[in-house]
file query.tsv (TSV, C-alpha atoms)
chain	number	residue	atom	x	y	z
A	198	ARG	CA	18.97	14.38	23.82
A	199	GLU	CA	19.57	11.55	21.38
A	200	GLY	CA	21.36	9.73	24.18
A	201	ILE	CA	18.37	9.57	26.51
A	202	VAL	CA	16.01	8.57	23.69
A	203	LYS	CA	18.35	5.84	22.52
A	204	SER	CA	18.87	4.70	26.11
A	205	HIS	CA	15.12	4.50	26.70
A	206	PHE	CA	14.55	2.42	23.56
A	207	LEU	CA	17.43	0.09	24.37
A	208	ARG	CA	16.17	-0.45	27.91
A	209	ILE	CA	12.74	-1.39	26.60
A	210	PHE	CA	14.07	-3.89	24.08
A	211	LYS	CA	16.56	-5.37	26.53
A	212	ASP	CA	14.20	-5.58	29.50
A	213	LYS	CA	12.35	-8.91	29.73
A	214	LYS	CA	9.30	-7.42	31.45
A	215	SER	CA	8.95	-4.67	28.85
A	216	MET	CA	9.25	-7.13	25.98
A	217	ALA	CA	6.73	-9.42	27.65
A	218	ILE	CA	4.25	-6.52	27.57
A	219	VAL	CA	5.07	-5.83	23.90
A	220	TRP	CA	4.32	-9.46	23.02
A	221	LEU	CA	1.22	-9.50	25.20
A	222	ILE	CA	-0.25	-6.49	23.39
A	223	ILE	CA	0.58	-8.08	20.03
A	224	LEU	CA	-0.79	-11.52	20.94
A	225	MET	CA	-4.14	-10.51	22.44
A	226	PRO	CA	-5.66	-9.42	19.09
A	227	CYS	CA	-4.23	-12.58	17.50
A	228	ILE	CA	-5.87	-14.75	20.18
A	229	ASP	CA	-9.13	-12.92	19.45
A	230	VAL	CA	-9.00	-14.14	15.83
A	231	ILE	CA	-8.74	-17.74	17.06
A	232	ALA	CA	-11.53	-17.24	19.60
A	233	LEU	CA	-13.80	-15.71	16.98
A	234	LYS	CA	-13.19	-18.61	14.60
A	235	LEU	CA	-13.92	-21.19	17.30
A	236	GLN	CA	-17.02	-19.42	18.64
A	237	TRP	CA	-18.77	-18.61	15.38
A	238	HIS	CA	-18.99	-20.48	12.08
A	239	ALA	CA	-20.26	-17.43	10.19
A	240	LYS	CA	-18.18	-16.03	7.34
A	241	PHE	CA	-17.82	-12.52	8.70
A	242	HIS	CA	-16.85	-9.52	6.67
A	243	PRO	CA	-13.19	-8.79	7.62
A	244	ALA	CA	-14.21	-5.37	8.98
A	245	ILE	CA	-16.66	-7.02	11.38
A	246	ALA	CA	-14.11	-9.67	12.40
A	247	PHE	CA	-11.53	-6.96	13.19
A	248	PHE	CA	-10.44	-6.90	16.84
A	249	LEU	CA	-11.86	-3.45	17.58
A	250	ALA	CA	-15.33	-4.43	16.34
A	251	GLY	CA	-15.69	-6.68	19.39
A	252	THR	CA	-17.47	-9.53	17.60
A	253	SER	CA	-15.97	-12.33	19.70
A	254	GLU	CA	-18.27	-13.60	22.43
A	255	GLY	CA	-17.48	-12.22	25.88
A	256	HIS	CA	-14.98	-9.65	24.52
A	257	MET	CA	-12.37	-11.16	26.84
A	258	MET	CA	-9.30	-9.96	24.93
A	259	GLN	CA	-10.70	-6.43	24.62
A	260	ILE	CA	-11.44	-6.32	28.35
A	261	LEU	CA	-7.95	-7.55	29.27
A	262	LEU	CA	-6.31	-5.07	26.92
A	263	TYR	CA	-8.38	-1.96	27.60
A	264	TRP	CA	-9.00	-2.22	31.33
A	265	PHE	CA	-5.38	-2.79	32.29
A	266	LEU	CA	-3.80	-0.58	29.61
A	267	PRO	CA	-2.12	1.89	32.02
A	268	ILE	CA	-0.61	-1.00	33.99
A	269	TYR	CA	0.87	-2.49	30.82
A	270	LEU	CA	2.27	0.88	29.78
A	271	LEU	CA	3.70	1.60	33.21
A	272	ILE	CA	5.67	-1.64	32.90
A	273	LEU	CA	6.55	-0.93	29.28
A	274	CYS	CA	7.75	2.67	29.64
A	275	ALA	CA	7.33	4.32	33.04
A	276	GLU	CA	9.48	1.75	34.82
A	277	SER	CA	12.49	3.44	33.25
A	278	TYR	CA	11.99	6.59	35.31
A	279	ILE	CA	11.25	4.64	38.48
A	280	GLN	CA	14.50	2.73	37.94
A	281	ASP	CA	16.37	5.97	37.20
A	282	VAL	CA	15.22	7.39	40.53
A	283	LYS	CA	16.14	4.22	42.42
A	284	SER	CA	19.62	4.12	40.89
A	285	GLY	CA	20.11	7.90	41.06
A	286	SER	CA	20.98	8.04	37.36
A	287	HIS	CA	18.21	10.60	36.73
A	288	THR	CA	20.35	13.24	38.45
A	289	ILE	CA	23.19	12.54	35.99
A	290	TRP	CA	20.87	12.86	32.98
A	291	ILE	CA	19.29	16.05	34.34
A	292	SER	CA	22.69	17.60	35.06
A	293	SER	CA	23.93	16.86	31.57
A	294	MET	CA	20.86	17.76	29.50
A	295	GLY	CA	18.54	19.77	31.73
A	296	LYS	CA	15.16	18.97	33.22
A	297	ARG	CA	13.11	20.14	30.24
A	298	ALA	CA	14.90	17.85	27.82
A	299	TYR	CA	15.04	14.90	30.21
A	300	PHE	CA	11.36	14.87	31.14
A	301	GLY	CA	10.27	15.97	27.66
A	302	ASN	CA	12.10	13.06	26.03
A	303	LYS	CA	10.66	10.65	28.58
A	304	LEU	CA	7.15	11.79	27.65
A	305	ALA	CA	7.89	11.64	23.92
A	306	VAL	CA	9.17	8.07	24.05
A	307	SER	CA	6.31	7.02	26.35
A	308	PHE	CA	3.89	8.20	23.64
A	309	LEU	CA	5.75	6.84	20.64
A	310	VAL	CA	6.50	3.31	21.87
A	311	PRO	CA	2.91	2.42	22.93
A	312	PHE	CA	1.55	4.03	19.74
A	313	VAL	CA	3.81	1.93	17.51
A	314	VAL	CA	3.29	-1.31	19.46
A	315	MET	CA	-0.50	-0.94	19.34
A	316	LEU	CA	-0.41	0.03	15.66
A	317	PHE	CA	1.61	-3.08	14.83
A	318	ALA	CA	-0.72	-5.32	16.88
A	319	LEU	CA	-3.87	-3.97	15.22
A	320	LEU	CA	-2.40	-3.96	11.71
A	321	LEU	CA	-1.41	-7.59	12.22
A	322	ASN	CA	-4.94	-8.40	13.37
A	323	LEU	CA	-6.45	-6.62	10.37
A	324	LEU	CA	-4.15	-8.59	8.07
A	325	LEU	CA	-5.09	-11.89	9.74
A	326	VAL	CA	-8.85	-11.32	9.57
A	327	SER	CA	-8.50	-10.18	5.95
A	328	ILE	CA	-6.92	-13.57	5.19
A	329	VAL	CA	-9.09	-15.77	7.42
A	330	TYR	CA	-12.35	-14.07	6.43
A	331	ALA	CA	-11.51	-13.20	2.82
A	332	GLY	CA	-14.73	-12.90	0.84
A	333	GLY	CA	-16.90	-12.91	3.97
A	334	THR	CA	-20.10	-10.88	3.94
A	335	GLU	CA	-21.77	-11.53	7.33
A	336	SER	CA	-22.14	-8.26	9.23
A	337	ASN	CA	-24.53	-9.15	12.07
A	338	GLY	CA	-27.13	-7.13	10.20
A	339	LEU	CA	-25.07	-3.93	10.13
A	340	PHE	CA	-24.96	-3.62	6.34
A	341	ASP	CA	-28.69	-4.35	6.03
A	342	MET	CA	-29.96	-1.83	8.59
A	343	ASP	CA	-31.73	1.30	7.45
A	344	GLY	CA	-33.50	4.14	9.17
A	345	ASN	CA	-30.41	5.31	11.02
A	346	HIS	CA	-29.31	8.59	9.49
A	347	ASP	CA	-26.37	9.32	11.76
A	348	PRO	CA	-23.41	10.34	9.54
A	349	LEU	CA	-20.98	8.00	11.31
A	350	PHE	CA	-23.32	5.02	10.94
A	351	LEU	CA	-23.92	5.71	7.25
A	352	PHE	CA	-20.19	6.13	6.66
A	353	SER	CA	-19.55	2.85	8.53
A	354	GLN	CA	-21.99	1.01	6.24
A	355	ALA	CA	-20.44	2.48	3.11
A	356	HIS	CA	-16.76	2.18	4.08
A	357	PRO	CA	-16.34	-0.46	6.83
A	358	ILE	CA	-12.62	-1.10	6.33
A	359	LEU	CA	-11.85	2.62	6.28
A	360	VAL	CA	-13.83	3.04	9.52
A	361	ASP	CA	-11.77	0.22	11.06
A	362	ILE	CA	-8.58	2.04	10.07
A	363	LEU	CA	-9.81	5.35	11.49
A	364	PHE	CA	-10.78	3.72	14.79
A	365	MET	CA	-7.45	1.89	14.80
A	366	LEU	CA	-5.57	5.19	14.54
A	367	ASN	CA	-7.78	6.61	17.28
A	368	VAL	CA	-6.98	3.68	19.57
A	369	CYS	CA	-3.27	4.09	18.84
A	370	LEU	CA	-3.53	7.80	19.64
A	371	PHE	CA	-5.18	7.12	22.99
A	372	THR	CA	-2.70	4.33	23.73
A	373	GLY	CA	0.11	6.86	23.25
A	374	LEU	CA	-1.70	9.37	25.46
A	375	VAL	CA	-2.16	6.76	28.17
A	376	GLY	CA	1.57	5.99	27.90
A	377	MET	CA	2.36	9.68	28.50
A	378	PHE	CA	-0.19	9.83	31.30
A	379	ALA	CA	1.35	6.77	32.99
A	380	MET	CA	4.85	8.19	32.63
A	381	SER	CA	3.80	11.55	34.10
A	382	ILE	CA	2.24	9.80	37.11
A	383	SER	CA	5.60	8.13	37.75
A	384	PHE	CA	7.29	11.58	37.67
A	385	VAL	CA	5.41	12.59	40.82
A	386	PHE	CA	5.16	9.13	42.38
A	387	PRO	CA	8.31	7.21	41.37
A	388	ASP	CA	7.21	4.21	43.41
A	389	ARG	CA	5.19	1.26	42.09
A	390	LYS	CA	2.90	1.07	45.13
A	391	TYR	CA	1.65	4.59	44.41
A	392	ALA	CA	2.02	5.01	40.64
A	393	TYR	CA	0.24	1.80	39.61
A	394	PRO	CA	-2.94	2.14	41.74
A	395	LEU	CA	-3.28	5.86	40.97
A	396	ALA	CA	-2.90	5.41	37.22
A	397	PHE	CA	-5.39	2.53	37.22
A	398	PHE	CA	-7.87	4.49	39.36
A	399	ILE	CA	-7.88	7.53	37.05
A	400	TRP	CA	-8.12	5.32	33.96
A	401	PHE	CA	-11.02	3.39	35.51
A	402	ILE	CA	-12.88	6.69	36.02
A	403	LEU	CA	-12.47	7.45	32.30
A	404	LEU	CA	-13.75	3.96	31.46
A	405	ALA	CA	-16.75	4.39	33.74
A	406	LEU	CA	-17.89	7.84	32.62
A	407	PRO	CA	-21.62	7.31	31.97
A	408	THR	CA	-21.95	9.46	28.85
A	409	ARG	CA	-18.36	9.93	27.66
A	410	SER	CA	-16.55	6.67	28.39
A	411	VAL	CA	-13.23	6.34	26.60
A	412	ILE	CA	-14.00	2.68	25.88
A	413	LYS	CA	-16.76	3.70	23.46
A	414	LEU	CA	-14.21	5.58	21.37
A	415	MET	CA	-12.41	2.30	20.70
A	416	GLN	CA	-15.16	0.28	19.01
A	417	PRO	CA	-16.59	0.89	15.53
A	418	PHE	CA	-20.07	-0.15	14.37
A	419	THR	CA	-21.86	0.68	17.61
A	420	GLU	CA	-25.08	2.56	18.31
A	421	TYR	CA	-23.11	5.65	19.32
A	422	GLY	CA	-23.25	8.38	16.71
A	423	ILE	CA	-21.17	11.40	15.90
A	424	ASP	CA	-23.04	13.48	18.52
A	425	PHE	CA	-21.63	11.16	21.21
A	426	MET	CA	-18.20	10.54	19.71
A	427	ILE	CA	-17.04	14.14	19.38
A	428	PRO	CA	-17.76	15.24	23.01
A	429	ALA	CA	-16.37	11.93	24.33
A	430	PHE	CA	-13.21	12.34	22.25
A	431	LEU	CA	-12.67	15.93	23.38
A	432	THR	CA	-13.28	15.10	27.04
A	433	ASN	CA	-10.89	12.15	27.19
A	434	PHE	CA	-8.28	13.71	24.94
A	435	THR	CA	-8.24	16.84	27.10
A	436	ILE	CA	-7.90	14.91	30.37
A	437	LEU	CA	-5.15	12.62	29.06
A	438	THR	CA	-3.28	15.60	27.63
A	439	ILE	CA	-3.64	18.05	30.51
A	440	ILE	CA	-2.40	15.60	33.17
A	441	PRO	CA	0.98	14.90	31.48
A	442	ILE	CA	1.47	18.58	30.61
A	443	ALA	CA	0.64	19.72	34.15
A	444	LEU	CA	2.90	17.13	35.78
A	445	TYR	CA	5.68	17.88	33.29
A	446	ILE	CA	5.52	21.58	34.17
A	447	TYR	CA	5.46	20.69	37.86
A	448	LYS	CA	8.59	18.52	37.56
A	449	VAL	CA	10.45	21.10	35.49
A	450	LYS	CA	9.68	23.89	37.97
A	451	THR	CA	10.44	21.93	41.15
A	452	ASP	CA	13.93	21.25	42.44
A	453	GLU	CA	15.16	17.85	41.38
A	454	LEU	CA	18.80	17.83	42.38

call {"tool": "encode", "arguments": {"input": "query.tsv", "output": "structure tokens"}}
result
Amino acid sequence: REGIVKSHFLRIFKDKKSMAIVWLIILMPCIDVIALKLQWHAKFHPAIAFFLAGTSEGHMMQILLYWFLPIYLLILCAESYIQDVKSGSHTIWISSMGKRAYFGNKLAVSFLVPFVVMLFALLLNLLLVSIVYAGGTESNGLFDMDGNHDPLFLFSQAHPILVDILFMLNVCLFTGLVGMFAMSISFVFPDRKYAYPLAFFIWFILLALPTRSVIKLMQPFTEYGIDFMIPAFLTNFTILTIIPIALYIYKVKTDEL
């Protein structure tokens, strides 16, 4: 089991396309800091300048990161299984360690790697805005608003940095789930021309849900309160968990060799 995990990590760090995706995910929040500084001359509070708050005009980096997330993670992680199938090496791994361990470790790594990469990218962004906007107080009126008694809104006013951290962990969680989801799609369709469009199509549906869009779970300081966030979280978490579990069970129960 350690062999397949180590092999997966090594393939990611040695593969130029995978490392390009790692750097892309890290750089997009950094570019957002530059864009925000060029677009606005206000001295924002660091929590408001944070990447997830979406303060930059046009939200271009957020759109590029969120909309195409499953594509990035297919390249980052799921390509390993597609390549295993093309080379036939998956049969060797399955013969030596069993289907449960092989596919289970693939899913585990496909969650862990995206989670860690996104966590590093967002922590770096939070560090940068804390330096660039040190002492800033501008909040686009957020800290001055009253009359909204939603618990999440009140907590956001009182503890903006903590809210950023909580949303950051939430984004990392969903990034890991999308990594598992993308990997599980490749289990059934180990071909780029099927896996990529299907993963993007399902993800786009989750983005477009009118009342429970996953995108609204990724931005703090919005008009959406706790009554929206909890159902939206449960809906998207369930979908992105059930699909990998179902496809994992399917692959384990079907003949592979």

call {"tool": "closest_atom_pairs", "arguments": {"input": "query.tsv", "of": "region 350-396 of chain A", "to": "region 246-267 of chain A", "cutoff": "7 Å", "atoms": "all atoms listed in the file", "output": "Markdown table"}}
result
| residue | atom | partner | partner_atom | distance |
| --- | --- | --- | --- | --- |
| A:Val375 | CA | A:Pro267 | CA | 6.2 |
| A:Gly376 | CA | A:Pro267 | CA | 6.9 |
| A:Ala379 | CA | A:Pro267 | CA | 6.1 |
| A:Ala396 | CA | A:Pro267 | CA | 6.3 |

call {"tool": "residues_around", "arguments": {"input": "query.tsv", "residues": "Leu403 (chain A)", "least_positions_apart": "2", "cutoff": "10 Å", "atoms": "only C-alpha atoms", "output": "list in words"}}
result
Phe397, Phe398, Ile399, Trp400, Phe401, Ala405, Leu406, Pro407, Arg409, Ser410, Val411, Ile412, Ala429, Thr432, Asn433, Ile436 and Leu437 of chain A

call {"tool": "atom_distance", "arguments": {"input": "query.tsv", "atom1": "CA of Val326 (chain A)", "atom2": "CA of Pro243 (chain A)"}}
result
5.4 Å

call {"tool": "residues_around", "arguments": {"input": "query.tsv", "residues": "region 207-223 of chain A", "least_positions_apart": "6", "cutoff": "10 Å", "atoms": "all atoms listed in the file", "output": "list in words"}}
result
Ile201, Met258, Leu261, Leu262, Leu266, Ile268, Tyr269, Leu270, Leu271, Ile272, Leu273, Cys274, Glu276, Ser277, Val310, Pro311, Val314, Met315, Leu316, Phe317, Ala318, Leu319, Leu320, Leu321 and Asn322 of chain A

call {"tool": "write_last_selection", "arguments": {"input": "query.tsv", "atoms": "C-alpha atoms", "output": "mmCIF file, keeping the file's coordinate frame"}}
result
data_model
loop_
_atom_site.group_PDB
_atom_site.id
_atom_site.type_symbol
_atom_site.label_atom_id
_atom_site.label_comp_id
_atom_site.auth_asym_id
_atom_site.auth_seq_id
_atom_site.Cartn_x
_atom_site.Cartn_y
_atom_site.Cartn_z
ATOM 1 C CA ILE A 201 18.370 9.570 26.510
ATOM 2 C CA MET A 258 -9.300 -9.960 24.930
ATOM 3 C CA LEU A 261 -7.950 -7.550 29.270
ATOM 4 C CA LEU A 262 -6.310 -5.070 26.920
ATOM 5 C CA LEU A 266 -3.800 -0.580 29.610
ATOM 6 C CA ILE A 268 -0.610 -1.000 33.990
ATOM 7 C CA TYR A 269 0.870 -2.490 30.820
ATOM 8 C CA LEU A 270 2.270 0.880 29.780
ATOM 9 C CA LEU A 271 3.700 1.600 33.210
ATOM 10 C CA ILE A 272 5.670 -1.640 32.900
ATOM 11 C CA LEU A 273 6.550 -0.930 29.280
ATOM 12 C CA CYS A 274 7.750 2.670 29.640
ATOM 13 C CA GLU A 276 9.480 1.750 34.820
ATOM 14 C CA SER A 277 12.490 3.440 33.250
ATOM 15 C CA VAL A 310 6.500 3.310 21.870
ATOM 16 C CA PRO A 311 2.910 2.420 22.930
ATOM 17 C CA VAL A 314 3.290 -1.310 19.460
ATOM 18 C CA MET A 315 -0.500 -0.940 19.340
ATOM 19 C CA LEU A 316 -0.410 0.030 15.660
ATOM 20 C CA PHE A 317 1.610 -3.080 14.830
ATOM 21 C CA ALA A 318 -0.720 -5.320 16.880
ATOM 22 C CA LEU A 319 -3.870 -3.970 15.220
ATOM 23 C CA LEU A 320 -2.400 -3.960 11.710
ATOM 24 C CA LEU A 321 -1.410 -7.590 12.220
ATOM 25 C CA ASN A 322 -4.940 -8.400 13.370
#

call {"tool": "atom_distance", "arguments": {"input": "query.tsv", "atom1": "CA of Pro394 (chain A)", "atom2": "CA of Phe430 (chain A)"}}
result
24.3 Å

call {"tool": "closest_residue", "arguments": {"input": "query.tsv", "among": "A:Trp290, A:Lys283, A:Glu335, A:Ser327", "to": "Lys240 (chain A)", "atoms": "all atoms listed in the file"}}
result
A:Glu335

call {"tool": "atom_distance", "arguments": {"input": "query.tsv", "atom1": "CA of Ile362 (chain A)", "atom2": "CA of Asn337 (chain A)"}}
result
19.6 Å

call {"tool": "residues_around", "arguments": {"input": "query.tsv", "residues": "Phe418 (chain A)", "least_positions_apart": "2", "cutoff": "9 Å", "atoms": "all atoms listed in the file", "output": "PyMOL selection string"}}
result
chain A and resi 245+250+339+349-350+353-354+357+360-361+416+420-421

call {"tool": "closest_residue", "arguments": {"input": "query.tsv", "among": "A:Ile279, A:Thr408, A:Ile289, A:Ala392", "to": "Pro428 (chain A)", "atoms": "all atoms listed in the file"}}
result
A:Thr408

call {"tool": "closest_residue", "arguments": {"input": "query.tsv", "among": "A:Leu370, A:Met380, A:Met225, A:Leu414", "to": "Pro441 (chain A)", "atoms": "all atoms listed in the file"}}
result
A:Met380

call {"tool": "closest_residue", "arguments": {"input": "query.tsv", "among": "A:Ala355, A:Ile231, A:Lys413, A:Leu325", "to": "Val368 (chain A)", "atoms": "all atoms listed in the file"}}
result
A:Lys413

call {"tool": "decode", "arguments": {"input": "query.tsv", "residues": "region 227-262 of chain A", "atoms": "N, CA and C atoms", "output": "compact mmCIF listing (two decimals), in the first residue's frame"}}
result
# COMPACT_ATOMS: atom_id res chain seq x y z
N CYS A 227 -2.23 34.63 -5.74
CA CYS A 227 -1.18 35.66 -5.68
C CYS A 227 -1.44 36.76 -6.71
N ILE A 228 -1.85 36.36 -7.90
CA ILE A 228 -2.18 37.33 -8.95
C ILE A 228 -3.34 38.21 -8.50
N ASP A 229 -4.28 37.61 -7.76
CA ASP A 229 -5.44 38.36 -7.27
C ASP A 229 -5.01 39.49 -6.34
N VAL A 230 -3.97 39.27 -5.54
CA VAL A 230 -3.46 40.32 -4.65
C VAL A 230 -2.97 41.51 -5.48
N ILE A 231 -2.24 41.21 -6.55
CA ILE A 231 -1.72 42.27 -7.43
C ILE A 231 -2.87 43.02 -8.10
N ALA A 232 -3.85 42.25 -8.61
CA ALA A 232 -5.00 42.85 -9.28
C ALA A 232 -5.77 43.76 -8.33
N LEU A 233 -5.97 43.31 -7.12
CA LEU A 233 -6.70 44.09 -6.13
C LEU A 233 -5.98 45.40 -5.82
N LYS A 234 -4.67 45.32 -5.71
CA LYS A 234 -3.86 46.51 -5.41
C LYS A 234 -3.91 47.51 -6.56
N LEU A 235 -3.91 47.02 -7.78
CA LEU A 235 -3.94 47.90 -8.96
C LEU A 235 -5.32 48.49 -9.19
N GLN A 236 -6.36 47.74 -8.86
CA GLN A 236 -7.73 48.18 -9.14
C GLN A 236 -8.25 49.18 -8.11
N TRP A 237 -7.90 48.97 -6.85
CA TRP A 237 -8.43 49.79 -5.78
C TRP A 237 -7.29 50.41 -4.96
N HIS A 238 -7.48 51.65 -4.56
CA HIS A 238 -6.48 52.32 -3.73
C HIS A 238 -6.88 52.33 -2.25
N ALA A 239 -7.99 51.67 -1.94
CA ALA A 239 -8.47 51.61 -0.56
C ALA A 239 -7.55 50.73 0.28
N LYS A 240 -7.45 51.06 1.55
CA LYS A 240 -6.66 50.26 2.49
C LYS A 240 -7.59 49.24 3.14
N PHE A 241 -7.79 48.13 2.44
CA PHE A 241 -8.75 47.13 2.90
C PHE A 241 -8.26 46.44 4.18
N HIS A 242 -9.23 46.00 4.95
CA HIS A 242 -8.93 45.08 6.04
C HIS A 242 -8.42 43.79 5.40
N PRO A 243 -7.37 43.17 5.95
CA PRO A 243 -6.83 41.94 5.34
C PRO A 243 -7.88 40.87 5.08
N ALA A 244 -8.87 40.75 5.97
CA ALA A 244 -9.92 39.74 5.78
C ALA A 244 -10.74 40.00 4.54
N ILE A 245 -10.94 41.28 4.21
CA ILE A 245 -11.72 41.66 3.04
C ILE A 245 -10.87 41.53 1.77
N ALA A 246 -9.56 41.70 1.90
CA ALA A 246 -8.66 41.57 0.76
C ALA A 246 -8.33 40.11 0.45
N PHE A 247 -8.68 39.21 1.35
CA PHE A 247 -8.41 37.77 1.17
C PHE A 247 -9.06 37.26 -0.11
N PHE A 248 -8.39 36.36 -0.78
CA PHE A 248 -8.82 35.83 -2.08
C PHE A 248 -10.27 35.38 -2.08
N LEU A 249 -10.69 34.64 -1.05
CA LEU A 249 -12.03 34.08 -1.04
C LEU A 249 -13.11 35.14 -0.91
N ALA A 250 -12.77 36.31 -0.38
CA ALA A 250 -13.76 37.37 -0.20
C ALA A 250 -14.21 37.96 -1.53
N GLY A 251 -13.44 37.74 -2.59
CA GLY A 251 -13.85 38.17 -3.93
C GLY A 251 -13.96 39.68 -4.09
N THR A 252 -13.02 40.42 -3.52
CA THR A 252 -13.08 41.88 -3.57
C THR A 252 -12.55 42.45 -4.88
N SER A 253 -11.68 41.71 -5.56
CA SER A 253 -11.11 42.20 -6.82
C SER A 253 -12.21 42.34 -7.87
N GLU A 254 -12.10 43.37 -8.68
CA GLU A 254 -13.12 43.65 -9.69
C GLU A 254 -13.11 42.58 -10.78
N GLY A 255 -14.30 42.07 -11.09
CA GLY A 255 -14.42 41.05 -12.13
C GLY A 255 -14.26 39.63 -11.64
N HIS A 256 -13.61 39.44 -10.48
CA HIS A 256 -13.42 38.11 -9.88
C HIS A 256 -12.79 37.12 -10.87
N MET A 257 -11.90 37.60 -11.71
CA MET A 257 -11.37 36.75 -12.78
C MET A 257 -10.63 35.53 -12.24
N MET A 258 -9.78 35.72 -11.23
CA MET A 258 -9.02 34.59 -10.71
C MET A 258 -9.93 33.56 -10.04
N GLN A 259 -10.95 34.05 -9.33
CA GLN A 259 -11.90 33.12 -8.71
C GLN A 259 -12.64 32.30 -9.77
N ILE A 260 -13.06 32.97 -10.83
CA ILE A 260 -13.78 32.28 -11.91
C ILE A 260 -12.89 31.21 -12.54
N LEU A 261 -11.66 31.58 -12.86
CA LEU A 261 -10.73 30.63 -13.50
C LEU A 261 -10.43 29.44 -12.58
N LEU A 262 -10.33 29.71 -11.29
CA LEU A 262 -10.01 28.62 -10.36
C LEU A 262 -11.22 27.73 -10.10
